[in-house]
$ cat protein-v7.txt   # compact mmCIF, C-alpha atoms
# COMPACT_ATOMS: atom_id res chain seq x y z
CA MET A 1231 11.80 6.37 12.42
CA LEU A 1232 9.92 3.17 11.88
CA GLU A 1233 11.30 -0.24 12.61
CA LEU A 1234 11.85 -2.05 9.33
CA SER A 1235 10.70 -5.63 9.78
CA LEU A 1236 9.63 -8.52 7.60
CA ASN A 1237 6.01 -7.35 7.81
CA TRP A 1238 6.72 -4.35 5.60
CA TYR A 1239 8.17 -6.46 2.82
CA LEU A 1240 5.30 -8.96 3.02
CA SER A 1241 2.70 -6.17 2.94
CA LEU A 1242 4.37 -4.50 -0.05
CA SER A 1243 4.48 -7.85 -1.81
CA ALA A 1244 0.78 -8.45 -1.11
CA LEU A 1245 -0.09 -4.99 -2.43
CA LEU A 1246 1.89 -5.49 -5.65
CA PHE A 1247 0.29 -8.93 -6.11
CA VAL A 1248 -3.20 -7.44 -5.78
CA ILE A 1249 -2.38 -4.61 -8.21
CA GLY A 1250 -1.19 -7.21 -10.74
CA MET A 1251 -4.34 -9.24 -10.16
CA ILE A 1252 -6.58 -6.23 -10.80
CA GLY A 1253 -4.57 -5.62 -14.00
CA VAL A 1254 -5.19 -9.19 -15.17
CA LEU A 1255 -8.90 -8.89 -14.43
CA THR A 1256 -9.56 -5.47 -15.99
CA ARG A 1257 -7.35 -5.12 -19.07
CA LYS A 1258 -8.27 -6.65 -22.40
CA ASN A 1259 -4.95 -6.22 -24.20
CA ALA A 1260 -3.17 -9.60 -24.15
CA ILE A 1261 0.28 -8.04 -23.73
CA LEU A 1262 -0.88 -6.00 -20.73
CA VAL A 1263 -2.36 -9.11 -19.14
CA PHE A 1264 1.04 -10.74 -19.62
CA MET A 1265 2.85 -7.83 -18.02
CA SER A 1266 0.47 -7.96 -15.04
CA VAL A 1267 1.30 -11.65 -14.64
CA GLU A 1268 5.00 -10.72 -14.60
CA LEU A 1269 4.22 -8.18 -11.88
CA MET A 1270 2.56 -10.89 -9.78
CA LEU A 1271 5.56 -13.21 -10.26
CA ASN A 1272 7.85 -10.38 -9.15
CA SER A 1273 5.87 -9.74 -5.99
CA VAL A 1274 6.12 -13.40 -5.02
CA ASN A 1275 9.87 -13.24 -5.67
CA LEU A 1276 10.06 -10.32 -3.24
CA THR A 1277 8.40 -12.46 -0.57
CA LEU A 1278 10.90 -15.27 -1.14
CA VAL A 1279 13.91 -12.95 -0.99
CA ALA A 1280 12.63 -11.24 2.17
CA PHE A 1281 12.13 -14.56 3.96
CA SER A 1282 15.47 -15.85 2.71
CA SER A 1283 17.36 -12.82 4.01
CA HIS A 1284 15.59 -12.72 7.34
CA LEU A 1285 16.03 -16.42 7.98
CA GLY A 1286 19.64 -16.41 6.76
CA ASP A 1287 18.85 -19.28 4.41
CA VAL A 1288 20.17 -19.28 0.85
CA ASN A 1289 17.61 -21.76 -0.55
CA GLY A 1290 14.94 -19.10 -1.02
CA GLN A 1291 17.18 -17.06 -3.29
CA ILE A 1292 18.03 -20.14 -5.35
CA LEU A 1293 14.28 -20.69 -5.79
CA VAL A 1294 13.92 -17.07 -6.94
CA PHE A 1295 16.63 -17.70 -9.54
CA PHE A 1296 14.78 -20.72 -10.91
CA ALA A 1297 11.46 -18.85 -10.87
CA LEU A 1298 13.14 -16.12 -12.91
CA CYS A 1299 14.31 -18.65 -15.52
CA VAL A 1300 10.81 -20.12 -15.76
CA ALA A 1301 9.36 -16.60 -16.08
CA ALA A 1302 11.74 -15.89 -18.97
CA ALA A 1303 10.72 -19.10 -20.75
CA GLU A 1304 7.04 -18.33 -20.11
CA ALA A 1305 7.40 -14.81 -21.51
CA VAL A 1306 9.08 -16.08 -24.69
CA VAL A 1307 6.46 -18.78 -25.40
CA GLY A 1308 3.56 -16.51 -24.45
CA LEU A 1309 4.69 -13.70 -26.73
CA ALA A 1310 5.14 -16.20 -29.57
CA ILE A 1311 1.56 -17.38 -29.02
CA ILE A 1312 0.37 -13.74 -29.06
CA ILE A 1313 2.17 -13.19 -32.38
CA ALA A 1314 0.59 -16.36 -33.81
CA ILE A 1315 -2.89 -15.25 -32.70
CA PHE A 1316 -2.28 -11.81 -34.17
CA ARG A 1317 -1.34 -13.39 -37.53
CA ASN A 1318 -4.57 -15.37 -37.68
CA ASN A 1319 -6.90 -12.82 -36.16
CA LEU A 1320 -5.29 -9.39 -36.59
CA ASN A 1321 -6.33 -8.75 -33.01
CA ILE A 1322 -4.92 -9.22 -29.56
CA ASP A 1323 -8.04 -8.06 -27.76
CA LEU A 1324 -8.84 -10.96 -25.45
CA SER A 1325 -12.59 -10.33 -25.60
CA LYS A 1326 -12.59 -10.69 -29.39
CA ILE A 1327 -10.64 -13.95 -29.63
CA ASN A 1328 -13.35 -16.56 -30.02
CA LEU A 1329 -11.78 -19.13 -32.30
CA LEU A 1330 -12.36 -21.97 -29.84
CA LYS A 1331 -15.84 -20.83 -28.90
CA TRP A 1332 -18.45 -23.44 -29.69
CA MET B 604 18.44 5.28 6.49
CA VAL B 605 17.39 1.82 5.32
CA SER B 606 13.79 2.56 6.30
CA TYR B 607 13.71 5.74 4.25
CA LEU B 608 15.17 3.91 1.26
CA PHE B 609 12.54 1.21 1.71
CA ILE B 610 9.76 3.81 1.72
CA LEU B 611 11.23 5.45 -1.39
CA PHE B 612 11.53 2.19 -3.35
CA ALA B 613 8.15 0.91 -2.16
CA THR B 614 6.44 4.14 -3.21
CA ILE B 615 8.06 4.02 -6.64
CA ALA B 616 7.11 0.35 -7.04
CA ILE B 617 3.46 0.80 -6.08
CA ALA B 618 3.01 4.02 -8.07
CA SER B 619 4.58 2.59 -11.22
CA ALA B 620 2.51 -0.59 -10.88
CA ILE B 621 -0.71 1.41 -10.63
CA VAL B 622 0.27 3.58 -13.61
CA MET B 623 1.19 0.43 -15.53
CA ILE B 624 -2.23 -1.19 -15.25
CA THR B 625 -4.13 2.03 -15.94
CA HIS B 626 -2.17 3.62 -18.80
CA LYS B 627 -3.77 3.33 -22.23
CA ASN B 628 -0.52 3.13 -24.22
CA PRO B 629 1.15 -0.32 -23.93
CA VAL B 630 4.64 1.15 -24.54
CA TYR B 631 4.34 3.42 -21.51
CA SER B 632 2.98 0.49 -19.51
CA ALA B 633 6.07 -1.55 -20.40
CA LEU B 634 8.37 1.33 -19.43
CA PHE B 635 6.62 1.74 -16.08
CA LEU B 636 7.00 -2.00 -15.52
CA VAL B 637 10.76 -1.52 -16.10
CA LEU B 638 10.73 1.20 -13.41
CA ASN B 639 8.84 -1.14 -11.09
CA MET B 640 11.40 -3.91 -11.61
CA ALA B 641 14.30 -1.53 -11.06
CA SER B 642 12.83 -0.43 -7.74
CA LEU B 643 12.33 -4.09 -6.80
CA GLY B 644 16.04 -4.55 -7.57
CA GLY B 645 16.72 -1.73 -5.11
CA LEU B 646 14.63 -3.54 -2.50
CA TYR B 647 16.70 -6.70 -3.10
CA LEU B 648 19.80 -4.60 -2.42
CA LEU B 649 18.25 -3.47 0.88
CA LEU B 650 17.75 -7.15 1.71
CA GLU B 651 21.46 -7.74 0.93
CA ALA B 652 20.66 -10.02 -2.01
CA GLN B 653 23.21 -8.46 -4.35
CA PHE B 654 23.26 -11.29 -6.90
CA LEU B 655 19.49 -11.28 -7.35
CA ALA B 656 19.41 -7.48 -7.57
CA VAL B 657 21.82 -7.53 -10.52
CA ILE B 658 19.99 -10.47 -12.12
CA GLN B 659 16.67 -8.66 -11.68
CA ILE B 660 17.96 -5.60 -13.54
CA LEU B 661 19.76 -7.64 -16.23
CA VAL B 662 17.19 -10.33 -16.97
CA TYR B 663 13.86 -8.73 -16.10
CA ALA B 664 14.34 -5.03 -16.77
CA GLY B 665 16.81 -5.75 -19.56
CA ALA B 666 16.00 -8.89 -21.50
CA ILE B 667 12.36 -9.72 -20.84
CA MET B 668 11.05 -6.16 -21.06
CA VAL B 669 12.99 -5.50 -24.28
CA LEU B 670 11.24 -8.58 -25.69
CA PHE B 671 7.88 -7.15 -24.58
CA LEU B 672 8.67 -3.79 -26.17
CA PHE B 673 9.71 -5.48 -29.42
CA VAL B 674 6.44 -7.40 -29.58
CA ILE B 675 4.37 -4.28 -28.76
CA MET B 676 6.07 -2.33 -31.54
CA LEU B 677 5.86 -5.29 -33.94
CA LEU B 678 2.12 -5.65 -33.49
CA ASN B 679 1.51 -1.88 -33.44
CA GLN B 680 -1.89 -2.21 -31.85
CA GLU B 681 -4.06 0.81 -31.24
CA SER B 682 -6.26 -0.47 -28.46
CA ALA B 683 -8.61 2.47 -28.23
CA ASP B 684 -11.42 0.47 -26.69
CA ASP B 685 -9.18 -0.72 -23.88
CA VAL B 686 -9.13 2.64 -22.13
CA PHE B 687 -10.83 3.24 -18.82
CA LYS B 688 -14.22 4.66 -19.74
CA GLY B 689 -16.50 5.30 -16.80
CA ILE B 690 -17.44 2.93 -14.03
CA SER B 691 -18.68 -0.43 -15.23
CA ILE B 692 -19.63 -3.55 -13.32
CA LYS B 693 -16.36 -5.20 -14.45
CA TYR B 694 -14.14 -2.57 -12.81
CA ILE B 695 -16.20 -2.54 -9.63
CA MET B 696 -16.10 -6.31 -9.33
CA SER B 697 -12.36 -6.58 -9.99
CA VAL B 698 -11.44 -3.82 -7.54
CA LEU B 699 -13.74 -5.39 -4.96
CA LEU B 700 -12.12 -8.79 -5.52
CA GLY B 701 -8.69 -7.16 -5.21
CA ILE B 702 -9.64 -5.56 -1.91
CA VAL B 703 -10.94 -8.89 -0.62
CA VAL B 704 -7.73 -10.71 -1.59
CA PHE B 705 -5.56 -7.96 -0.09
CA ALA B 706 -7.57 -8.02 3.15
CA GLN B 707 -7.12 -11.77 3.31
CA LEU B 708 -3.35 -11.57 2.73
CA PHE B 709 -3.01 -8.69 5.19
CA TYR B 710 -4.99 -10.57 7.82
CA ALA B 711 -2.72 -13.59 7.32
CA ILE B 712 0.40 -11.41 7.68
CA ALA B 713 -0.96 -9.62 10.75
CA SER B 714 -1.94 -12.84 12.49
CA VAL B 715 1.62 -14.25 12.35
CA THR B 716 3.39 -10.98 13.06
CA ASN B 717 4.80 -12.08 16.40
CA THR B 718 6.21 -15.33 15.08
CA LEU B 719 8.02 -13.88 12.10
CA PRO B 720 11.82 -14.15 12.18
CA VAL B 721 13.86 -11.06 12.95
CA VAL B 722 16.87 -10.17 10.83
CA SER B 723 19.43 -12.94 11.06
CA GLU B 724 23.03 -12.00 11.72
CA ASN B 725 24.42 -13.73 8.62
CA MET B 726 22.02 -11.86 6.32
CA SER B 727 24.81 -10.10 4.43
CA ALA B 728 26.63 -13.38 3.71
CA VAL B 729 23.60 -15.19 2.28
CA GLY B 730 22.97 -13.24 -0.90
CA SER B 731 26.51 -12.86 -2.20
CA VAL B 732 27.52 -14.29 -5.56
CA GLU B 733 30.04 -16.59 -3.89
CA ASN B 734 27.49 -18.14 -1.56
CA ILE B 735 24.78 -18.58 -4.19
CA GLY B 736 27.20 -20.02 -6.73
CA ASP B 737 28.53 -22.40 -4.11
CA VAL B 738 25.08 -23.80 -3.34
CA MET B 739 23.84 -23.72 -6.92
CA PHE B 740 26.68 -25.77 -8.36
CA THR B 741 26.73 -28.38 -5.62
CA ASP B 742 23.27 -29.03 -4.16
CA TYR B 743 21.26 -27.67 -7.07
CA LEU B 744 23.41 -28.81 -9.99
CA LEU B 745 20.75 -31.06 -11.55
CA PRO B 746 17.94 -28.44 -11.41
CA PHE B 747 20.37 -25.93 -12.88
CA GLU B 748 21.06 -28.17 -15.88
CA VAL B 749 17.34 -28.91 -16.27
CA THR B 750 16.77 -25.14 -16.38
CA GLY B 751 19.15 -24.95 -19.32
CA ILE B 752 17.17 -27.65 -21.15
CA LEU B 753 13.92 -25.79 -20.32
CA LEU B 754 15.22 -22.53 -21.79
CA THR B 755 16.40 -24.31 -24.95
CA ALA B 756 13.02 -25.98 -25.35
CA ALA B 757 11.27 -22.62 -24.84
CA VAL B 758 13.38 -20.95 -27.54
CA VAL B 759 12.76 -23.78 -30.03
CA GLY B 760 9.05 -23.83 -29.21
CA ALA B 761 8.77 -20.06 -29.63
CA LEU B 762 10.48 -20.25 -33.03
CA ILE B 763 8.07 -22.95 -34.20
CA ILE B 764 4.94 -21.21 -32.85
CA ALA B 765 5.82 -17.80 -34.28
CA GLN B 766 6.68 -19.14 -37.73
CA ARG B 767 4.69 -17.68 -40.57
CA LYS B 768 3.68 -21.01 -42.08
CA ILE B 769 3.76 -24.27 -40.22
CA LYS B 770 4.30 -27.04 -42.73
CA LEU B 771 2.35 -30.09 -41.74
CA LYS B 772 3.60 -33.42 -42.94
CA GLU B 773 1.17 -34.84 -45.43
CA ASN B 774 0.06 -38.39 -45.13
$ encode --input "protein-v7.txt" --output "structure tokens"
Amino acid sequence: MLELSLNWYLSLSALLFVIGMIGVLTRKNAILVFMSVELMLNSVNLTLVAFSSHLGDVNGQILVFFALCVAAAEAVVGLAIIIAIFRNNLNIDLSKINLLKW
Amino acid sequence: MVSYLFILFATIAIASAIVMITHKNPVYSALFLVLNMASLGGLYLLLEAQFLAVIQILVYAGAIMVLFLFVIMLLNQESADDVFKGISIKYIMSVLLGIVVFAQLFYAIASVTNTLPVVSENMSAVGSVENIGDVMFTDYLLPFEVTGILLTAAVVGALIIAQRKIKLKEN
């Protein structure tokens, strides 16, 4: 029986963050890059909640709530941009979007 | 008991995250991300943050991921060239970079391991709806209202960006 301490939550959060980062770096589909960014946001939220619970301080969980609202707004605007790019380009492959390339 | 639940949820979260970034079909990726967020909600419950656990399931796994699924099915993209094909320099470099970042984070966590706080005794009282609502509508009332404005602006902006034709005013 292992002792469950804050270290475990922080390590899990670091691992999820790194997995999301590898997803952002390797995938070319714009929607998958977005979902990897959401994964990274979630892992940081886990860190905040773990610290908040272990310190007995409610402010961390309030910050997670606000981060969640910002993530929702970001997802809405980002997906709208993806739809707009798809209309102009018929492609959401990030390596083929070169409209702003000089 | 709590440790075993932690191991269960952590395993589900890591496995679904890995499957998410490697699966070739975006719909399955989105569904595995839903599983990942649900297991994170379970971890929030283990941390006695009941309000955030419910919000995580409702907002993330419910609302945001449904939006993602709608967009995936709207675009109907067959991204055949986005599948993992052999070892290329890009994959090696990104995995190497990931290992470096993880080693850095892990070293940082391990170096402060003795100074980390142990579980506080009022842990169960912190994450309740009553406590969070109390703080949010007194100390954080102004940021809460600003969040409402932000969400409204995001919805209006998304409507304008995703419009079929943007009519520019002629001079």
$ residues_around --input "protein-v7.txt" --residues "Ala656 (chain B)" --least-positions-apart "6" --cutoff "6 Å" --atoms "all atoms listed in the file" --output "PDB file with C-alpha atoms, keeping the file's coordinate frame"
ATOM      1  CA  GLY B 644      16.040  -4.550  -7.570  1.00  0.00           C
ATOM      2  CA  TYR B 647      16.700  -6.700  -3.100  1.00  0.00           C
ATOM      3  CA  LEU B 648      19.800  -4.600  -2.420  1.00  0.00           C
TER       4      LEU B 648
END
$ residues_around --input "protein-v7.txt" --residues "Gln659 (chain B)" --least-positions-apart "2" --cutoff "8 Å" --atoms "only C-alpha atoms" --output "PyMOL selection string"
chain B and resi 640-641+643-644+655-657+661-664
$ write_last_selection --input "protein-v7.txt" --atoms "C-alpha atoms" --output "PDB file, in the coordinates of the input"
ATOM      1  CA  MET B 640      11.400  -3.910 -11.610  1.00  0.00           C
ATOM      2  CA  ALA B 641      14.300  -1.530 -11.060  1.00  0.00           C
ATOM      3  CA  LEU B 643      12.330  -4.090  -6.800  1.00  0.00           C
ATOM      4  CA  GLY B 644      16.040  -4.550  -7.570  1.00  0.00           C
ATOM      5  CA  LEU B 655      19.490 -11.280  -7.350  1.00  0.00           C
ATOM      6  CA  ALA B 656      19.410  -7.480  -7.570  1.00  0.00           C
ATOM      7  CA  VAL B 657      21.820  -7.530 -10.520  1.00  0.00           C
ATOM      8  CA  LEU B 661      19.760  -7.640 -16.230  1.00  0.00           C
ATOM      9  CA  VAL B 662      17.190 -10.330 -16.970  1.00  0.00           C
ATOM     10  CA  TYR B 663      13.860  -8.730 -16.100  1.00  0.00           C
ATOM     11  CA  ALA B 664      14.340  -5.030 -16.770  1.00  0.00           C
TER      12      ALA B 664
END
$ residues_around --input "protein-v7.txt" --residues "Ile702 (chain B)" --least-positions-apart "4" --cutoff "10 Å" --atoms "all atoms listed in the file" --output "list in words"
Leu1245, Val1248, Ile1249 and Ile1252 of chain A; Met696, Ser697, Val698, Ala706, Gln707 and Leu708 of chain B
$ write_last_selection --input "protein-v7.txt" --atoms "C-alpha atoms" --output "tab-separated table (two decimals), in the coordinates of the input"
chain	number	residue	atom	x	y	z
A	1245	LEU	CA	-0.09	-4.99	-2.43
A	1248	VAL	CA	-3.20	-7.44	-5.78
A	1249	ILE	CA	-2.38	-4.61	-8.21
A	1252	ILE	CA	-6.58	-6.23	-10.80
B	696	MET	CA	-16.10	-6.31	-9.33
B	697	SER	CA	-12.36	-6.58	-9.99
B	698	VAL	CA	-11.44	-3.82	-7.54
B	706	ALA	CA	-7.57	-8.02	3.15
B	707	GLN	CA	-7.12	-11.77	3.31
B	708	LEU	CA	-3.35	-11.57	2.73
$ residues_around --input "protein-v7.txt" --residues "Glu1304 (chain A)" --least-positions-apart "6" --cutoff "10 Å" --atoms "all atoms listed in the file" --output "list in words"
Phe1264, Glu1268, Leu1298 and Ala1310 of chain A; Leu754, Ala757 and Ala761 of chain B
$ residues_around --input "protein-v7.txt" --residues "region 1292-1296 of chain A" --least-positions-apart "6" --cutoff "9 Å" --atoms "all atoms listed in the file" --output "PDB file with C-alpha atoms, keeping the file's coordinate frame"
ATOM      1  CA  VAL A1274       6.120 -13.400  -5.020  1.00  0.00           C
ATOM      2  CA  ASN A1275       9.870 -13.240  -5.670  1.00  0.00           C
ATOM      3  CA  LEU A1276      10.060 -10.320  -3.240  1.00  0.00           C
ATOM      4  CA  LEU A1278      10.900 -15.270  -1.140  1.00  0.00           C
ATOM      5  CA  VAL A1279      13.910 -12.950  -0.990  1.00  0.00           C
TER       6      VAL A1279
ATOM      7  CA  LEU B 655      19.490 -11.280  -7.350  1.00  0.00           C
ATOM      8  CA  ILE B 658      19.990 -10.470 -12.120  1.00  0.00           C
ATOM      9  CA  ILE B 735      24.780 -18.580  -4.190  1.00  0.00           C
ATOM     10  CA  VAL B 738      25.080 -23.800  -3.340  1.00  0.00           C
ATOM     11  CA  MET B 739      23.840 -23.720  -6.920  1.00  0.00           C
ATOM     12  CA  TYR B 743      21.260 -27.670  -7.070  1.00  0.00           C
ATOM     13  CA  PRO B 746      17.940 -28.440 -11.410  1.00  0.00           C
ATOM     14  CA  PHE B 747      20.370 -25.930 -12.880  1.00  0.00           C
ATOM     15  CA  THR B 750      16.770 -25.140 -16.380  1.00  0.00           C
TER      16      THR B 750
END
$ atom_distance --input "protein-v7.txt" --atom1 "CA of Ile764 (chain B)" --atom2 "CA of Val1307 (chain A)"
8.0 Å
$ closest_residue --input "protein-v7.txt" --among "B:Val721, B:Gly645, B:Ile617, B:Ala756" --to "Val605 (chain B)" --atoms "only C-alpha atoms"
B:Gly645
$ residues_near_point --input "protein-v7.txt" --point "(7.6, -8.0, -30.0)" --cutoff "10 Å" --atoms "all atoms listed in the file" --output "tab-separated table (two decimals) with C-alpha atoms, in the coordinates of the input"
chain	number	residue	atom	x	y	z
A	1261	ILE	CA	0.28	-8.04	-23.73
A	1306	VAL	CA	9.08	-16.08	-24.69
A	1309	LEU	CA	4.69	-13.70	-26.73
A	1310	ALA	CA	5.14	-16.20	-29.57
A	1312	ILE	CA	0.37	-13.74	-29.06
A	1313	ILE	CA	2.17	-13.19	-32.38
B	668	MET	CA	11.05	-6.16	-21.06
B	669	VAL	CA	12.99	-5.50	-24.28
B	670	LEU	CA	11.24	-8.58	-25.69
B	671	PHE	CA	7.88	-7.15	-24.58
B	672	LEU	CA	8.67	-3.79	-26.17
B	673	PHE	CA	9.71	-5.48	-29.42
B	674	VAL	CA	6.44	-7.40	-29.58
B	675	ILE	CA	4.37	-4.28	-28.76
B	676	MET	CA	6.07	-2.33	-31.54
B	677	LEU	CA	5.86	-5.29	-33.94
B	678	LEU	CA	2.12	-5.65	-33.49
B	679	ASN	CA	1.51	-1.88	-33.44
$ atom_distance --input "protein-v7.txt" --atom1 "CA of Ile763 (chain B)" --atom2 "CA of Val1254 (chain A)"
27.0 Å
$ atom_distance --input "protein-v7.txt" --atom1 "CA of Ala1244 (chain A)" --atom2 "CA of Ile692 (chain B)"
24.3 Å
$ closest_residue --input "protein-v7.txt" --among "A:Asn1321, A:Asn1272, A:Asn1259, A:Thr1277" --to "Ala620 (chain B)" --atoms "all atoms listed in the file"
A:Asn1272
$ closest_residue --input "protein-v7.txt" --among "B:Thr755, B:Asn734, B:Thr718, B:Gln766" --to "Ile1315 (chain A)" --atoms "all atoms listed in the file"
B:Gln766
$ closest_residue --input "protein-v7.txt" --among "B:Leu699, B:Ala666, B:Ala618, B:Ala633" --to "Leu1255 (chain A)" --atoms "all atoms listed in the file"
B:Leu699
$ closest_residue --input "protein-v7.txt" --among "A:Met1251, A:Leu1324, A:Val1267, A:Asn1319" --to "chain B" --atoms "all atoms listed in the file"
A:Met1251
